[in-house]
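Novice: Could you have a look at this structure, given as structure tokens, before my questions?
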Amino acid sequence: MKCERILVEYGAQPYAGLDTYFLDNYEEIDADRKRPVILICPGGGYRMTSDREAEAVAVKYVSMGYHACVLRYSVKPEIFPRALCEVAWCVNYLRSHADEYAIDRNRIFVLGFSAGGHLAASLGAFWQEKWLGELLGVNKEEIRPDGMILCYPVISSKQYGHIESFENLLGKNDTEEMRAYLSLEDHVTEDFPPTFMWHTYEDDAVPVENSLLMAGALRKAGVSLELHIFPHGPHGLSLAKEETRCAATGGGIQKHCQSWPDLTDGWIREMKENDCKEEKKGIIFDLDGVIVSTDKFHYQAWKKIADKMGIEFNEKINERLRGVSRMESLEIILEKYEGAPLSAEQKQALAEEKNGYYVDLLKTMDRCDVSEEVVNTLKSLRRKGYFLAVGSSSKNAKIILRQTRIEDLFDAVSDGNNITRSKPDPEVFLKAAEYIELLPKQCAVVEDARAGIDAAKAAGMMAVGIGTATEYDKCDRKIKSFGELDQIF
Ligand code: B16
Ligand code: MG
């Protein structure tokens, strides 16, 4: 397990720390396992971060197979929006380090207790606000939590509000206007993430009305909610068991409430199942090997180069070139080169020469190079209301689309010209989703290359494999022919 303290690099004088509890992967079990992560914000009235709602909770989630981390956010005398920026920073950090820590980048859950629940819910309410993305200098999608777990949260600053929390959070800016802005039940939109919430009916520090008001607001906005109100127990129960007993009062054990972490586990699992069923709105197509068969032209062009250089090159090596960039393709071919090492300029020249041969071959293409099955299926998907995009590693994608006269069948093209990293990096597909203005999870990718399937999964998209990709078990769905897409979508 990777346990370390990461300094939250937000603000001129970073203070907050993120304590990680990240599980390792093992060959014997599954070397590629990606886990959801629970980002825990302890409570403490924005005056402190309670130890009772920190490590023990992380360990509980780790025992259930989750990655967990605890954010020790800034509290009084620091004021809003410092702590919110810190939690947003952490979501971006977890998402951008997803590969390093084997995190499922689309299952980042923010869990908060009491005032930490207010902090978590503030991110749920404000993640898409321009001002927050700008303060962090990141795209709003990077700070979007995928779900909220709110434990006896502070929500309202009005009649049922926990006033001390708002005084501490706002400090010198404690105005009526700011209190209204931070009364979160009034700032719930359809963009608020799916939420799990629990409270006790008897809570007299942060009354249950906080959760009830939030539930009403979520309901009104059409946001998915699981809500549990346990009849007995005081405020601040944490795990409600011996492990997190309160030394000062000797209390904090409430047997009936101990089930809540398991309930969240069920909620997260059910959400994943529903996600797969969730209607996709965009479909992103790889070009070569899916829409057209330019792979044979790539082969012929590279063959000329290989023959000239006396390098062994065959169909098997050609398979490895699927979906990878031109320069990476050249490096693969040069693995068999036995001559003196080539300079960067020589490699560049070879890649350009290959591209010249390739582009000449592309000129022979016309509408007949796209099958009727592909054209009819694309038209049908469009009629059903899907946004369609191309997501290709090729810098020649637009030439191919023009040559075959199918440009009009797509709403957007993301290709080798608008990316800096090629598949298996998700960039090409994330850009495509951005162009058609959809969230990654609303998109599916159709791919023929392993690198492309990996890229789709890394982007958090459904991956449909066709052709050689169907031998790859990472595909969510496999199709034998393009027309089958009409049954899936
Ligand atoms: P270019 P895709 C990929 O296209 C090909 O599969 C791959 O073999 C090629 O090296 C790459 O495009 C770059 O192509 O040299 O034209 O820029 O499958 O991602 O549509
Ligand atoms: Mg391909």
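In the structure tokens, chains take letters A, B, ... by order of appearance, with residues numbered from 1 within each chain and ligands from 1 in the order shown.
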Given only C-alpha atoms and all ligand atoms, how would the per-residue table for chain A near ligand 2 read, listing every residue at most 10 Å away with its closest atom pair and distance in Å to one decimal, sorted by chain and number, as JSON lines?

Specialist:
{"residue": "A:Phe285", "atom": "CA", "partner": "ligand 2", "partner_atom_place_in_ligand_line": "1 (Mg)", "distance": 8.9}
{"residue": "A:Asp286", "atom": "CA", "partner": "ligand 2", "partner_atom_place_in_ligand_line": "1 (Mg)", "distance": 5.4}
{"residue": "A:Leu287", "atom": "CA", "partner": "ligand 2", "partner_atom_place_in_ligand_line": "1 (Mg)", "distance": 5.7}
{"residue": "A:Asp288", "atom": "CA", "partner": "ligand 2", "partner_atom_place_in_ligand_line": "1 (Mg)", "distance": 4.2}
{"residue": "A:Gly289", "atom": "CA", "partner": "ligand 2", "partner_atom_place_in_ligand_line": "1 (Mg)", "distance": 4.5}
{"residue": "A:Val290", "atom": "CA", "partner": "ligand 2", "partner_atom_place_in_ligand_line": "1 (Mg)", "distance": 6.1}
{"residue": "A:Ile291", "atom": "CA", "partner": "ligand 2", "partner_atom_place_in_ligand_line": "1 (Mg)", "distance": 8.6}
{"residue": "A:Val292", "atom": "CA", "partner": "ligand 2", "partner_atom_place_in_ligand_line": "1 (Mg)", "distance": 8.9}
{"residue": "A:Ser293", "atom": "CA", "partner": "ligand 2", "partner_atom_place_in_ligand_line": "1 (Mg)", "distance": 8.7}
{"residue": "A:Thr294", "atom": "CA", "partner": "ligand 2", "partner_atom_place_in_ligand_line": "1 (Mg)", "distance": 8.9}
{"residue": "A:Asp295", "atom": "CA", "partner": "ligand 2", "partner_atom_place_in_ligand_line": "1 (Mg)", "distance": 7.9}
{"residue": "A:Leu321", "atom": "CA", "partner": "ligand 2", "partner_atom_place_in_ligand_line": "1 (Mg)", "distance": 9.1}
{"residue": "A:Arg322", "atom": "CA", "partner": "ligand 2", "partner_atom_place_in_ligand_line": "1 (Mg)", "distance": 5.5}
{"residue": "A:Gly323", "atom": "CA", "partner": "ligand 2", "partner_atom_place_in_ligand_line": "1 (Mg)", "distance": 4.7}
{"residue": "A:Val324", "atom": "CA", "partner": "ligand 2", "partner_atom_place_in_ligand_line": "1 (Mg)", "distance": 8.4}
{"residue": "A:Gly391", "atom": "CA", "partner": "ligand 2", "partner_atom_place_in_ligand_line": "1 (Mg)", "distance": 9.3}
{"residue": "A:Ser392", "atom": "CA", "partner": "ligand 2", "partner_atom_place_in_ligand_line": "1 (Mg)", "distance": 7.1}
{"residue": "A:Ser393", "atom": "CA", "partner": "ligand 2", "partner_atom_place_in_ligand_line": "1 (Mg)", "distance": 8.0}
{"residue": "A:Ser394", "atom": "CA", "partner": "ligand 2", "partner_atom_place_in_ligand_line": "1 (Mg)", "distance": 9.1}
{"residue": "A:Val446", "atom": "CA", "partner": "ligand 2", "partner_atom_place_in_ligand_line": "1 (Mg)", "distance": 9.2}
{"residue": "A:Glu447", "atom": "CA", "partner": "ligand 2", "partner_atom_place_in_ligand_line": "1 (Mg)", "distance": 6.1}
{"residue": "A:Asp448", "atom": "CA", "partner": "ligand 2", "partner_atom_place_in_ligand_line": "1 (Mg)", "distance": 5.0}
{"residue": "A:Ala449", "atom": "CA", "partner": "ligand 2", "partner_atom_place_in_ligand_line": "1 (Mg)", "distance": 5.4}
{"residue": "A:Arg450", "atom": "CA", "partner": "ligand 2", "partner_atom_place_in_ligand_line": "1 (Mg)", "distance": 9.0}
{"residue": "A:Ala451", "atom": "CA", "partner": "ligand 2", "partner_atom_place_in_ligand_line": "1 (Mg)", "distance": 8.9}
{"residue": "A:Gly452", "atom": "CA", "partner": "ligand 2", "partner_atom_place_in_ligand_line": "1 (Mg)", "distance": 7.3}
{"residue": "A:Ile453", "atom": "CA", "partner": "ligand 2", "partner_atom_place_in_ligand_line": "1 (Mg)", "distance": 10.0}
{"residue": "A:Ile466", "atom": "CA", "partner": "ligand 2", "partner_atom_place_in_ligand_line": "1 (Mg)", "distance": 9.6}
{"residue": "A:Gly467", "atom": "CA", "partner": "ligand 2", "partner_atom_place_in_ligand_line": "1 (Mg)", "distance": 9.4}
{"residue": "A:Thr468", "atom": "CA", "partner": "ligand 2", "partner_atom_place_in_ligand_line": "1 (Mg)", "distance": 9.6}
{"residue": "A:Ala469", "atom": "CA", "partner": "ligand 2", "partner_atom_place_in_ligand_line": "1 (Mg)", "distance": 9.3}

Novice: Show which residues sit within 9 Å of segment 473-476 of chain A, as a ChimeraX atom specification. Count only C-alpha atoms, and ignore same-chain residues fewer than 5 positions away.

Specialist: /A:276,450,453-454,457,462-465

Novice: Do you know which residues are at most 12 Å from Asp307 of chain A counting only C-alpha atoms, after dropping those on the same chain fewer than 5 positions away, and could you put them as a list in words?

Specialist: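 So, after excluding close chain neighbours, the residues are Tyr299, Gln300, Ala301, Trp302, Glu312, Phe313, Asn314, Ile333, Leu334, Lys336, Tyr337 and Lys354 of chain A.
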
Novice: Excluding Arg33 of chain A and residues on its chain fewer than 3 positions from it, collect all residues at most 8 Å away from it, counting only C-alpha atoms, and give them as a list of chain:residue names.

Specialist: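 Using only C-alpha atoms, the neighbours found are A:Asn25, A:Asp30, A:Ala102.
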
Novice: How about saving the chosen residues, N, CA and C atoms kept, as a short mmCIF file (atom, residue, chain, number, x, y, z; two decimals), in the first residue's frame?

Specialist:
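The resulting file, part_2.cif, is reproduced below:
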data_model
loop_
_atom_site.label_atom_id
_atom_site.label_comp_id
_atom_site.auth_asym_id
_atom_site.auth_seq_id
_atom_site.Cartn_x
_atom_site.Cartn_y
_atom_site.Cartn_z
N ASN A 25 -1.19 -3.24 -6.84
CA ASN A 25 -1.69 -4.31 -7.71
C ASN A 25 -0.69 -5.45 -7.73
N ASP A 30 -4.46 -9.28 -10.22
CA ASP A 30 -4.77 -8.57 -11.46
C ASP A 30 -3.84 -7.36 -11.53
N ALA A 102 -3.15 3.60 -10.23
CA ALA A 102 -4.16 2.61 -10.62
C ALA A 102 -5.55 2.99 -10.10
#

Novice: Suppose you want the space between atom CA of Val37 of chain A and atom CA of Lys272 of chain A; what is it in Å?

Specialist: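 Between these atoms lies a distance of 13.6 Å.
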
Novice: Based on the backbone DSSP call, show me all residues of segment 284-480 of chain A assigned alpha helix (DSSP H), as a PyMOL selection string.

Specialist: chain A and resi 295-309+315-319+326-334+344-362+372-383+397-403+427-435+450-458

Novice: Would you return as a ChimeraX atom specification the members of segment 7-206 of chain A that DSSP assigns to strand (DSSP E or B) on this structure's backbone?

Specialist: /A:7,17-22,35-41,67-72,103-113,147-151,195-200

Novice: May I have the selected residues written with N, CA and C atoms, as a compact mmCIF listing (two decimals), in the first residue's frame?

Specialist:
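Just written: out_33.txt:
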# COMPACT_ATOMS: atom_id res chain seq x y z
N LEU A 7 1.66 17.12 -0.44
CA LEU A 7 1.38 18.52 -0.14
C LEU A 7 0.40 19.05 -1.19
N GLY A 17 -2.65 18.88 3.50
CA GLY A 17 -1.97 17.63 3.14
C GLY A 17 -2.98 16.56 2.76
N LEU A 18 -2.59 15.75 1.80
CA LEU A 18 -3.44 14.65 1.37
C LEU A 18 -2.74 13.36 1.79
N ASP A 19 -3.35 12.62 2.72
CA ASP A 19 -2.74 11.37 3.19
C ASP A 19 -3.31 10.22 2.38
N THR A 20 -2.43 9.51 1.69
CA THR A 20 -2.94 8.47 0.78
C THR A 20 -2.89 7.07 1.41
N TYR A 21 -3.85 6.28 1.02
CA TYR A 21 -3.91 4.86 1.37
C TYR A 21 -4.26 4.14 0.07
N PHE A 22 -3.26 4.01 -0.81
CA PHE A 22 -3.50 3.46 -2.14
C PHE A 22 -3.03 2.01 -2.19
N ARG A 35 -9.01 0.97 -9.32
CA ARG A 35 -9.97 1.03 -8.22
C ARG A 35 -10.59 2.42 -8.10
N PRO A 36 -11.82 2.47 -7.62
CA PRO A 36 -12.39 3.78 -7.29
C PRO A 36 -11.61 4.36 -6.11
N VAL A 37 -11.63 5.65 -5.96
CA VAL A 37 -10.95 6.26 -4.82
C VAL A 37 -11.95 7.08 -4.01
N ILE A 38 -11.81 7.01 -2.69
CA ILE A 38 -12.67 7.78 -1.78
C ILE A 38 -11.81 8.88 -1.17
N LEU A 39 -12.15 10.11 -1.48
CA LEU A 39 -11.42 11.26 -0.93
C LEU A 39 -12.20 11.75 0.29
N ILE A 40 -11.60 11.59 1.46
CA ILE A 40 -12.31 11.82 2.72
C ILE A 40 -12.02 13.21 3.29
N CYS A 41 -13.07 13.95 3.57
CA CYS A 41 -12.93 15.27 4.21
C CYS A 41 -13.51 15.15 5.62
N HIS A 67 -9.28 2.50 -3.03
CA HIS A 67 -8.22 3.40 -2.63
C HIS A 67 -8.89 4.47 -1.76
N ALA A 68 -8.15 4.98 -0.79
CA ALA A 68 -8.73 6.05 0.02
C ALA A 68 -7.67 7.10 0.30
N CYS A 69 -8.10 8.30 0.57
CA CYS A 69 -7.16 9.33 1.02
C CYS A 69 -7.92 10.33 1.89
N VAL A 70 -7.17 10.94 2.78
CA VAL A 70 -7.77 11.89 3.73
C VAL A 70 -7.19 13.26 3.44
N LEU A 71 -8.07 14.22 3.26
CA LEU A 71 -7.60 15.58 3.02
C LEU A 71 -7.64 16.36 4.34
N ARG A 72 -6.47 16.82 4.76
CA ARG A 72 -6.39 17.71 5.93
C ARG A 72 -6.42 19.13 5.36
N ILE A 103 -5.89 4.27 -10.33
CA ILE A 103 -7.22 4.78 -9.94
C ILE A 103 -8.13 4.75 -11.16
N ASP A 104 -9.39 4.40 -10.95
CA ASP A 104 -10.38 4.51 -12.01
C ASP A 104 -10.74 6.00 -12.10
N ARG A 105 -10.30 6.66 -13.16
CA ARG A 105 -10.41 8.12 -13.22
C ARG A 105 -11.85 8.64 -13.30
N ASN A 106 -12.79 7.72 -13.52
CA ASN A 106 -14.19 8.13 -13.54
C ASN A 106 -14.95 7.71 -12.30
N ARG A 107 -14.18 7.30 -11.28
CA ARG A 107 -14.87 6.93 -10.04
C ARG A 107 -14.12 7.53 -8.85
N ILE A 108 -14.14 8.86 -8.86
CA ILE A 108 -13.51 9.60 -7.77
C ILE A 108 -14.65 10.14 -6.90
N PHE A 109 -14.77 9.59 -5.70
CA PHE A 109 -15.88 9.95 -4.81
C PHE A 109 -15.36 10.85 -3.68
N VAL A 110 -16.11 11.88 -3.40
CA VAL A 110 -15.72 12.77 -2.31
C VAL A 110 -16.67 12.52 -1.14
N LEU A 111 -16.07 12.16 -0.01
CA LEU A 111 -16.85 11.83 1.19
C LEU A 111 -16.57 12.88 2.25
N GLY A 112 -17.61 13.42 2.85
CA GLY A 112 -17.38 14.42 3.89
C GLY A 112 -18.29 14.22 5.08
N PHE A 113 -17.73 14.49 6.26
CA PHE A 113 -18.49 14.42 7.50
C PHE A 113 -18.81 15.83 7.98
N GLY A 147 -19.13 11.23 -7.58
CA GLY A 147 -20.19 10.92 -6.64
C GLY A 147 -19.87 11.55 -5.30
N MET A 148 -20.90 11.71 -4.47
CA MET A 148 -20.76 12.36 -3.17
C MET A 148 -21.23 11.41 -2.10
N ILE A 149 -20.48 11.32 -1.02
CA ILE A 149 -20.96 10.58 0.16
C ILE A 149 -21.00 11.60 1.30
N LEU A 150 -22.19 11.99 1.67
CA LEU A 150 -22.34 13.06 2.66
C LEU A 150 -22.84 12.47 3.98
N CYS A 151 -22.01 12.56 5.01
CA CYS A 151 -22.34 11.96 6.30
C CYS A 151 -22.70 13.08 7.27
N THR A 195 -25.58 11.21 -5.36
CA THR A 195 -25.25 11.41 -3.93
C THR A 195 -25.79 10.30 -3.05
N PHE A 196 -24.96 9.95 -2.07
CA PHE A 196 -25.36 9.06 -0.98
C PHE A 196 -25.30 9.93 0.28
N MET A 197 -26.34 9.88 1.10
CA MET A 197 -26.34 10.77 2.26
C MET A 197 -26.94 10.02 3.47
N TRP A 198 -26.38 10.25 4.64
CA TRP A 198 -27.00 9.68 5.85
C TRP A 198 -26.90 10.66 7.00
N HIS A 199 -27.83 10.50 7.93
CA HIS A 199 -27.95 11.41 9.06
C HIS A 199 -28.65 10.63 10.17
N THR A 200 -28.58 11.11 11.39
CA THR A 200 -29.45 10.51 12.40
C THR A 200 -30.56 11.51 12.73

Novice: Give me the residues within 10 Å of Arg326 of chain A as a list in words, counting only C-alpha atoms and dropping any in the same chain fewer than 6 places off.

Specialist: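 Skipping anything fewer than 6 positions along the chain leaves His298, Ile332, Gln348, Ala351, Glu352, Lys354, Asn355, Ser393, Ser394, Lys395, Gly416 and Ser422 of chain A.
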
Novice: For the residues selected in the previous step, produce a file with N, CA and C atoms as a short mmCIF file (atom, residue, chain, number, x, y, z; two decimals), in the first residue's frame.

Specialist:
data_model
loop_
_atom_site.label_atom_id
_atom_site.label_comp_id
_atom_site.auth_asym_id
_atom_site.auth_seq_id
_atom_site.Cartn_x
_atom_site.Cartn_y
_atom_site.Cartn_z
N HIS A 298 -0.77 1.78 -45.40
CA HIS A 298 0.33 1.99 -44.45
C HIS A 298 1.38 0.89 -44.67
N ILE A 332 9.21 1.16 -34.28
CA ILE A 332 8.92 -0.28 -34.23
C ILE A 332 9.63 -0.98 -35.40
N GLN A 348 13.33 11.53 -39.27
CA GLN A 348 12.29 12.44 -39.75
C GLN A 348 12.13 12.30 -41.26
N ALA A 351 10.32 9.11 -42.16
CA ALA A 351 8.88 9.21 -41.88
C ALA A 351 8.19 10.05 -42.96
N GLU A 352 8.85 11.11 -43.37
CA GLU A 352 8.25 11.96 -44.41
C GLU A 352 8.17 11.23 -45.74
N LYS A 354 7.92 8.01 -46.14
CA LYS A 354 6.81 7.04 -46.04
C LYS A 354 5.48 7.76 -46.24
N ASN A 355 5.36 8.92 -45.61
CA ASN A 355 4.09 9.62 -45.71
C ASN A 355 3.79 10.03 -47.17
N SER A 393 -5.42 8.53 -34.79
CA SER A 393 -4.03 8.96 -34.57
C SER A 393 -3.44 9.58 -35.83
N SER A 394 -4.10 9.41 -36.93
CA SER A 394 -3.51 9.82 -38.22
C SER A 394 -3.56 11.32 -38.45
N LYS A 395 -2.45 11.82 -38.98
CA LYS A 395 -2.43 13.24 -39.36
C LYS A 395 -3.10 13.42 -40.72
N GLY A 416 -4.47 13.18 -35.40
CA GLY A 416 -3.05 13.33 -35.04
C GLY A 416 -2.56 14.76 -35.02
N SER A 422 -0.03 10.09 -28.42
CA SER A 422 -0.93 9.22 -29.19
C SER A 422 -1.42 8.04 -28.35
#

Novice: What's around Val8 of chain A at 9 Å? Count only C-alpha atoms, leave out sequence neighbours fewer than 5 positions away in its own chain, and write the answer as a PyMOL selection string.

Specialist: chain A and resi 14-18+71+73+86-87+89-90+93

Novice: Got a sec: who's within 12 Å of Gln159 of chain A, counting only C-alpha atoms, leaving out chain neighbours fewer than 5 positions off, as a PyMOL selection string?

Specialist: chain A and resi 179-180+183+206-207+209-210+213

Novice: Okay, now the selection with N, CA and C atoms, as an mmCIF file, in the first residue's frame?

Specialist:
data_model
loop_
_atom_site.group_PDB
_atom_site.id
_atom_site.type_symbol
_atom_site.label_atom_id
_atom_site.label_comp_id
_atom_site.auth_asym_id
_atom_site.auth_seq_id
_atom_site.Cartn_x
_atom_site.Cartn_y
_atom_site.Cartn_z
ATOM 1 N N ARG A 179 -23.340 33.985 3.106
ATOM 2 C CA ARG A 179 -24.042 32.869 3.756
ATOM 3 C C ARG A 179 -25.088 32.273 2.817
ATOM 4 N N ALA A 180 -25.748 33.159 2.086
ATOM 5 C CA ALA A 180 -26.766 32.667 1.149
ATOM 6 C C ALA A 180 -26.089 31.848 0.036
ATOM 7 N N SER A 183 -25.326 28.399 1.315
ATOM 8 C CA SER A 183 -26.439 27.568 1.780
ATOM 9 C C SER A 183 -26.746 26.637 0.604
ATOM 10 N N VAL A 206 -26.178 19.241 14.161
ATOM 11 C CA VAL A 206 -26.495 19.569 12.761
ATOM 12 C C VAL A 206 -27.799 18.835 12.458
ATOM 13 N N PRO A 207 -28.933 19.517 12.626
ATOM 14 C CA PRO A 207 -30.217 18.807 12.525
ATOM 15 C C PRO A 207 -30.423 18.095 11.183
ATOM 16 N N GLU A 209 -32.669 18.159 9.285
ATOM 17 C CA GLU A 209 -33.247 19.014 8.223
ATOM 18 C C GLU A 209 -32.196 19.386 7.173
ATOM 19 N N ASN A 210 -30.929 19.434 7.562
ATOM 20 C CA ASN A 210 -29.883 19.728 6.571
ATOM 21 C C ASN A 210 -29.919 18.702 5.433
ATOM 22 N N LEU A 213 -33.323 19.001 3.505
ATOM 23 C CA LEU A 213 -33.355 20.118 2.545
ATOM 24 C C LEU A 213 -32.554 19.766 1.297
#

Novice: Report, in Å to a single decimal, how far apart atom CA of Phe429 of chain A and atom CA of Glu328 of chain A are.

Specialist: 18.7 Å

Novice: Mind pulling up the distance from atom CA of Ile79 of chain A to atom CA of Ala12 of chain A?

Specialist: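 That distance, rounded to one decimal, is 14.4 Å.
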
Novice: Between A:Lys363, A:Lys384, A:Arg421, A:Lys60, which has the minimum distance to Ile399 of chain A (counting only C-alpha atoms)?

Specialist: A:Lys363

Novice: Nearest to ligand 1 among A:Cys443, A:Ile419, A:Ile479, A:Val208, with distances taken over only C-alpha atoms and all ligand atoms: which residue is it?

Specialist: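 Among the listed residues, A:Ile419 lies closest to ligand 1.
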
Novice: Pick from A:Asn396, A:Thr364, A:Thr377, A:Thr249: nearest to ligand 1, with only C-alpha atoms and all ligand atoms counted?

Specialist: A:Asn396
